[in-house]
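Heads up: the structure comes next, in structure tokens.
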Amino acid sequence: MTANRPGGPTGVDEAEDTTGPAQVGWVEQALREHDERHDHDGHGAVPDREQQVLDRIDRARRRRPKVREERITMSHGAGGKSTHTLIEAIFLDAFRNPLLEPLEDAASLAIGTAQIALTTDSYVVSPLFFPGGDIGELAINGTVNDLAVSGARPLYLSAGFILEEGFPVADLTRIAGSMRDAAAAAGVQIVTGDTKVVQRGKADGCYINTAGVGVLDRGAALGVAYAQPGDAIIVSGPIGDHGVTIMLARGELDIEADVQSDTAPLNGLIAGLLDAVPGVRAMRDATRGGVATILNEIAKAADVGVLVSEDDIPVRPEVRGAAELLGIDPMYVACEGRLLAVVPGDQADQALAALHTHPLGTHASVIGHVTSDSPGLVHLKTAFGGTRIVDLLVGDPLPRIC
Amino acid sequence: MKFVDEFRDADTAHALAAKIAALCEPGRQYKLMEVCGGHTHTIYKHGLEDYLPESVTLVHGPGCPVCVIPMGRVDDAMALASEPDVIMTSFGDMMRVPGSNGSFFDAKAAGTDIRMVYSPLDSLKIARNNPDKRVVFMAIGFETTAPSTAMTIMRAAQENLQNFSVFCNHVTIIPAIKAILDSPDLRLDGFIGPGHVSTVIGCRPYEFVARDYGKPVVTAGFEPLDILQSIYMLLLQLSEGRSEVENQYSRVVPWDGNPTALKVIGETMQLRPYFEWRGLGFISHSALSVREKYAQFDAELLFHVPGVRVADPKACQCGEVLKGVLKPWECKVFGTACTPETPIGTCMVSPEGACAAYYNYGRMNRHRVKEAVTIQVGRP
């Protein structure tokens, strides 16, 4: 290398270790482990060094998660890798119990002879009003969907409001109206609530928390951990509508497109599916982190491989176009009314037929299968004809999506 | 989708793959470098390597704007951002690049006002809306993004904005390519030339590569078929014993570049005598600073910039990866201590970085997966 070094600034400190306070220790440890392993490798023939590295990474990824940041960053709320790390390393660590541990969308509880599901979700979407919905509708549908995908019949919701001083009452009235209409459409009642007001600048208009209970009266055991090789993976319609709508609604990008949020209650669609296919293994609604995140949750929880085909994943042309322009992958973009279901392979046609009869499921399709190969990894056959993996989202392309 | 799907057609890809395989001489190994990080991203995102014979290896080059920013410059930017009343703006890719005391994201979480912009012009909007603040745009990138920074400086001058400046880190691609050609570590057979940079500088500046170093260059577009076709064009040159500069991306790249863009760069910026590149060291005449005529918009003159050189973390082998000497997975800390979530090196940060592309998209046993997916690549 003949790159010139014409003096440069003086006082260059080349040898100093500058890994920074957050990295000291774990970098050294990784290096030590690497060297130790390297010594072992030295004794025999090395068939495939790349495979060894892949195995090492696999082991590293299975280690107990740890939050390395000193402060919360926006990534911690993005629904991707950092969110998972935060939940597992801080909340699960502090609250650990068998009911919480599955980390499903809702907890399944036995109270007396009844089996009920309990969930909660907070909404901080910006802007509050967007094409296809608003924060109020989102706050109802999101919680209804978390109950429905756990196999429960949603019944009662709570609503908590954190309002900023100066927030227009007219907007609050409009939001409450949307919540009333969404609750009626989903067949649930809002039966308790709470209101707090904070000083101007201490919140952004209006935040909402809803919690919900539903009854698990089907007796079906659902969970991504039940996925088995051969199962089919189904999505109920085009993905990424909500995320792209929010992104464009913020008006920062000077792009316009005819898209609207897909926010909708999924309990009707799901009831139809469960009636037709009692063997459904797992369901999720693809919110933050998108379809890609759920596929990774399946692969990790059930220790299976997942193989999906890009050609089979429904994405509206407007959404694909906007995502292409913005350099984001629709697989990671949030939906607010899309179901992802894992069903036994031989019941996939039955499941599709059931979904197709419901207005929210007319574009349902099988996007891939569960495999026994490469447990823990999601592979994608690209439309171009190649293969790649689909990992958990890192960073936050789009904060405050819901 | 129009103008996209036709460049990702699997049937065309199979046909091209067969032609590529037919050009490969038995027993010969081909190492081709894609200079641009955008190409690296496309290659991994679409699984393009599935179409290549074993004898063709793609080596990832230094053309990733974020990857070549040395740690000391990140620290400088952080020092600027923490000056009183400063709002720092930069592109999203820059936010997670680690300095010696964390990244912009960490600084933002700790209260520093750092904002992500999609265009440098957005920084002007922020400056207009915050007259009591001083807005500093951290400009990064090759000749691709330099014209938009140049236009922003000229616009600020027209408006006589008093509270806007640029912390200029623009670099130029040719000295980096030359440094790689002169590197004794590496034997390359040809270059997939950077597409976006060439829309500005054209194809003529690469002529020395073909003439003096005897290596073919094909400037390529960013869709997977563009890259596959440019690999075919390179192999065809090699099989015919030619070394020329060819333009696969002629639908966008004019042979002589974009004179208007070059003019605004020349108007507002000048070559620095030398600049430090991450992993490559100091390279002379390889970067741009704001011209004296626009000194009032030069953050390096308006603020105190520490300018201390900070050595890369010992564990980090980004330099070797940037030069193409190491494959991403050959780095000691790849995927264990250094991941996209907690990157040590810049190559793991940007989606255009080779390590991030491999980690996010290519981290798999290609042979085994190929069997599982039963892709039948056309081979003679």
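A note on labels: chains of the structure tokens are A, B, ... as shown, every chain counts residues from 1, and ligands are counted from 1 in their shown order.
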Counting only C-alpha atoms, which residues of chain B fall within 6 Å of chain A, and what is the closest atom pair for each with its distance in Å at one decimal, ordered by chain and rising number, as a tab-separated table?
```
residue	atom	partner	partner_atom	distance
B:Arg8	CA	A:Phe384	CA	5.0
B:Asp9	CA	A:Phe384	CA	5.7
B:Ala10	CA	A:Phe384	CA	4.8
B:His46	CA	A:Gly386	CA	5.7
B:Gly47	CA	A:Gly386	CA	4.0
B:Leu48	CA	A:Gly386	CA	5.7
B:Asp50	CA	A:Gly386	CA	5.5
B:Ser100	CA	A:Gly20	CA	5.3
B:Asn101	CA	A:Gly20	CA	5.7
B:Ala109	CA	A:Thr73	CA	5.6
B:Ala179	CA	A:Ala3	CA	5.8
B:Asp182	CA	A:Met1	CA	5.4
B:Ser183	CA	A:Met1	CA	3.9
B:Phe282	CA	A:Arg5	CA	5.1
B:Ile283	CA	A:Ala3	CA	5.0
B:Ser284	CA	A:Asn4	CA	5.9
B:Arg309	CA	A:Val12	CA	5.8
B:Ala311	CA	A:Glu14	CA	5.3
B:Pro313	CA	A:Thr19	CA	5.0
B:Gly335	CA	A:Ile57	CA	5.3
B:Thr336	CA	A:Ile57	CA	5.6
B:Ala337	CA	A:Val27	CA	5.7
B:Glu341	CA	A:Val394	CA	5.9
B:Asn360	CA	A:Asp391	CA	5.8
B:Tyr361	CA	A:Ile389	CA	4.7
B:Gly362	CA	A:Arg388	CA	5.5
```
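Near Ile111 of chain A, within 12 Å and counting only C-alpha atoms, sit A:Ile116, A:Ala117, A:Leu118, A:Val215, A:Leu216; same-chain residues fewer than 5 positions away were not included.
One finds atom CA of Ala159 of chain A at 6.9 Å from atom CA of Ile190 of chain A.
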(message) At a cut-off of 8 Å, using only C-alpha atoms, what residues contact Arg200 of chain A? Leave out same-chain residues fewer than 6 positions from it and give the result as a VMD selection string.
(response) chain A and resid 164 to 166
(request) Excluding segment 81-90 of chain B and residues on its chain fewer than 4 positions from it, collect all residues at most 10 Å away from it, counting only C-alpha atoms, and give them as a ChimeraX atom specification. (result) /B:75-77,94-95,104,107-108,111-120,122-123,126-127,130,132-140,163-167,303-304
(message) So that I can check the secondary structure, give me every residue of segment 224-306 of chain B assigned strand (DSSP E or B) by backbone DSSP, as a ChimeraX atom specification.
(response) /B:245-247,269-271,274-277,281-284,287-290,298
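The spacing separating atom CA of Gln29 of chain B from atom CA of Ser55 of chain B amounts to 4.8 Å.
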(message) Can you pull out the residues contacting Leu238 of chain B? Cut-off 12 Å, using only C-alpha atoms, and skip same-chain residues under 5 positions away; I want them as a ChimeraX atom specification.
(response) /B:20,23-25,28-32,188-191,210,214-218,231-233,243-244
For the selection just defined, write its residues with C-alpha atoms to a file, as a short mmCIF file (atom, residue, chain, number, x, y, z; two decimals), in the first residue's frame.
```
data_model
loop_
_atom_site.label_atom_id
_atom_site.label_comp_id
_atom_site.auth_asym_id
_atom_site.auth_seq_id
_atom_site.Cartn_x
_atom_site.Cartn_y
_atom_site.Cartn_z
CA ILE B 20 -20.68 -16.53 -17.38
CA LEU B 23 -16.47 -18.00 -20.14
CA CYS B 24 -14.59 -19.35 -17.13
CA GLU B 25 -11.42 -21.20 -18.07
CA ARG B 28 -8.51 -20.41 -13.36
CA GLN B 29 -9.69 -18.32 -10.41
CA TYR B 30 -11.26 -14.91 -10.97
CA LYS B 31 -11.25 -12.20 -8.30
CA LEU B 32 -13.40 -9.22 -9.17
CA LEU B 188 -7.52 -8.62 -8.54
CA ASP B 189 -8.57 -9.50 -12.08
CA GLY B 190 -10.97 -6.63 -12.66
CA PHE B 191 -13.29 -4.02 -11.21
CA ALA B 210 -7.12 -0.38 -17.68
CA GLY B 214 -4.01 -3.77 -17.17
CA LYS B 215 -7.24 -4.41 -15.25
CA PRO B 216 -10.64 -4.19 -16.95
CA VAL B 217 -13.29 -1.92 -15.42
CA VAL B 218 -17.02 -2.14 -16.08
CA ILE B 231 -19.47 -9.65 -14.38
CA TYR B 232 -20.14 -11.19 -17.77
CA MET B 233 -18.58 -8.16 -19.51
CA SER B 243 -8.42 -4.46 -20.51
CA GLU B 244 -10.77 -1.58 -21.17
#
```
(request) Write out as a PyMOL selection string each polymer residue whose atoms come within 12 Å of Asn160 of chain B, counting only C-alpha atoms; drop sequence neighbours fewer than 5 positions from it. (result) chain B and resi 124+127-128+152-155+165+294+296-297
(request) For atom CA of Ala286 of chain A and atom CA of Ile239 of chain A, determine how far apart the two atoms are, in Å to one decimal place. (result) 8.4 Å
(request) Go through B:Ile177, B:Met1, B:Leu80, B:Leu161 and flag the residue nearest Pro62 of chain B, using only C-alpha atoms for the distances. (result)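 Answer, going by the shortest atom-to-atom distance: B:Ile177.
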